[in-house]
Amino acid sequence: MTAAPSPQHHPMFYYPDGTHVLRVENTLFKVHGSILSDKSMTFRDMLGTNSDAGLVPVDGKSDEQPIIISEVTAEGFELFLSVCYNKWRPDTAKMQDETIFQLLEVSWKYQSKAARDYALDQLENRRQAIHPAKLISISLKYHIKETFQYAFSRLIPLLLNDLDCNLLTHPVWNTLAMVKEKLDIHRRIVACEPPSMIHSKRCQDRKSCTNDWRQVWWNGMGRSLLDGRNPLSYADAMQQFQQVDYGRVCPDCWRHMLDFCKSEKAFVHERILIEATSQDLAGRLIKEPLFDDVLYSVDM
C-alpha cells in the first residue's frame, strides 16, 4: 500500500517568522495570527482564544501539529491569504468566474470583509459576462443585494423555458413570472395605444395628422414590440421606428413626437416596476453581513 505523500510547504505563504502552522489538504501554511485575526472574524476567534487566556496552544506551533483547516481547498485558502497579505500572483491578477465564487465562499466561511470586498469588485467587473440566473444564485448564497437587483433586471427579457430552474428559488420564480406578465400587458397597451399627438402650430390638417400617427405607430412600433418571433426592446423598436414613412403626419409634429418617444417616457412604467420589484425582493431575501459593525461591537 502506497503511503500518503507528506504535506508540503506553500511556496509563498510559509513564513519562517509565522506564528501558526495551518494544514489545508496536503499543504502547510505558516502565517501570522495577527494578520489573519485582523482580516477575519473567524480566525480572530480561533487564534485569539488561547493567547488571550495566557495558555500555550496545543496545535499550530509546528509542522507536526498543525491546525487542520477543513471544508476549503488549498487553492481557496491561498486566495484568502492573498487578500490578507495583499499579495497577488500573476495568474490571479485576472480572476475567472469560478475563482471569484471560490473567494466569495472563503470570505463567507471566514467572515472576512476584506476578502468579500475584493471578490465583489472582481464580480462587478465581470458580471455582464455571467448568466443572470447564476448571478441570482450567487447573490442569494452570499447575500449580495446590488448584484441580485442587477441580475433580476437581466432575467426579465429571457424566456422562462431557457432558465435553469435549479439556480432560482421559488420566491424568485414566482416574482419573475408575475413581473413578466405585468410587463407583457403593459407592452401590449403601449403597442396599441400611441402617445397622444401634440400638434405643431404649423400643422395644417390635424385630423389627418392624428389618424396617420396612429397608423404609423402600429405599423412601425406596435408590430415590432409584439412580433411573435422576435419582439424588440423599446430601444431597438425605436431605432427602426425613426426610419418609417410617416405618411401625412406633419413633419414638425413627427419630429416632436420622435423626441418624446426617444425619451422613453412611454416605458417608464417598465423601468420603475423592475427596479421597485428587484429592490423589494432583495430586501426580503437578502441580509448583507455587517462585518464592520460586528468587529466594532467586539472591540467595545
# chains A, B, ... in the order shown; residues from 1 in each chain; ligands from 1
$ residues_around --residues "Met46 of chain A" --least-positions-apart "6" --cutoff "12 Å" --atoms "only C-alpha atoms" --output "number ranges by chain"
A: 20, 22, 33-34, 36-37, 40, 52, 57, 59-60, 67-69, 110
$ select_by_dssp --residues "segment 145-197 of chain A" --states "alpha helix (DSSP H)" --output "ChimeraX atom specification"
/A:145-155,170-192
$ write_last_selection --atoms "C-alpha atoms" --output "PDB file, in the first residue's frame"
ATOM      1  CA  LYS A 145     -28.125  42.810  -2.767  1.00  0.00           C
ATOM      2  CA  GLU A 146     -26.786  45.028  -5.542  1.00  0.00           C
ATOM      3  CA  THR A 147     -25.760  42.101  -7.741  1.00  0.00           C
ATOM      4  CA  PHE A 148     -29.112  40.415  -7.106  1.00  0.00           C
ATOM      5  CA  GLN A 149     -31.013  43.506  -8.276  1.00  0.00           C
ATOM      6  CA  TYR A 150     -28.839  43.801 -11.379  1.00  0.00           C
ATOM      7  CA  ALA A 151     -29.270  40.102 -12.219  1.00  0.00           C
ATOM      8  CA  PHE A 152     -33.034  40.149 -11.683  1.00  0.00           C
ATOM      9  CA  SER A 153     -33.434  43.001 -14.180  1.00  0.00           C
ATOM     10  CA  ARG A 154     -31.438  40.961 -16.718  1.00  0.00           C
ATOM     11  CA  LEU A 155     -33.752  37.978 -16.253  1.00  0.00           C
ATOM     12  CA  HIS A 170     -39.440  29.685  -5.603  1.00  0.00           C
ATOM     13  CA  PRO A 171     -39.783  33.342  -4.486  1.00  0.00           C
ATOM     14  CA  VAL A 172     -37.616  34.443  -7.427  1.00  0.00           C
ATOM     15  CA  TRP A 173     -39.532  32.269  -9.900  1.00  0.00           C
ATOM     16  CA  ASN A 174     -42.921  33.466  -8.668  1.00  0.00           C
ATOM     17  CA  THR A 175     -41.908  37.132  -8.683  1.00  0.00           C
ATOM     18  CA  LEU A 176     -40.282  36.842 -12.105  1.00  0.00           C
ATOM     19  CA  ALA A 177     -43.427  35.288 -13.605  1.00  0.00           C
ATOM     20  CA  MET A 178     -45.620  37.995 -12.051  1.00  0.00           C
ATOM     21  CA  VAL A 179     -43.439  40.839 -13.336  1.00  0.00           C
ATOM     22  CA  LYS A 180     -43.184  39.369 -16.839  1.00  0.00           C
ATOM     23  CA  GLU A 181     -46.978  39.059 -17.017  1.00  0.00           C
ATOM     24  CA  LYS A 182     -47.482  42.674 -15.916  1.00  0.00           C
ATOM     25  CA  LEU A 183     -44.884  43.925 -18.384  1.00  0.00           C
ATOM     26  CA  ASP A 184     -46.432  41.866 -21.187  1.00  0.00           C
ATOM     27  CA  ILE A 185     -49.802  43.505 -20.545  1.00  0.00           C
ATOM     28  CA  HIS A 186     -48.183  46.938 -20.449  1.00  0.00           C
ATOM     29  CA  ARG A 187     -46.253  46.236 -23.670  1.00  0.00           C
ATOM     30  CA  ARG A 188     -49.481  45.328 -25.486  1.00  0.00           C
ATOM     31  CA  ILE A 189     -51.126  48.513 -24.234  1.00  0.00           C
ATOM     32  CA  VAL A 190     -48.207  50.665 -25.412  1.00  0.00           C
ATOM     33  CA  ALA A 191     -48.101  48.877 -28.772  1.00  0.00           C
ATOM     34  CA  CYS A 192     -51.791  49.510 -29.418  1.00  0.00           C
TER      35      CYS A 192
END
$ closest_residue --among "A:Val249, A:Asn219, A:Phe267, A:Glu288" --to "Gln204 of chain A" --atoms "only C-alpha atoms"
A:Val249
$ residues_around --residues "segment 3-15 of chain A" --least-positions-apart "5" --cutoff "7 Å" --atoms "only C-alpha atoms" --output "list in words"
Asn26, Thr27, Leu28, Phe29, Lys30 and Val31 of chain A
$ atom_distance --atom1 "atom CA of Asp63 of chain A" --atom2 "atom CA of Glu75 of chain A"
19.2 Å
$ atom_distance --atom1 "atom CA of Thr277 of chain A" --atom2 "atom CA of Leu123 of chain A"
22.6 Å
$ residues_around --residues "segment 76-82 of chain A" --least-positions-apart "4" --cutoff "12 Å" --atoms "only C-alpha atoms" --output "PyMOL selection string"
chain A and resi 10-14+22-25+27-33+35-40+43+69-72+86-93+95+98-119
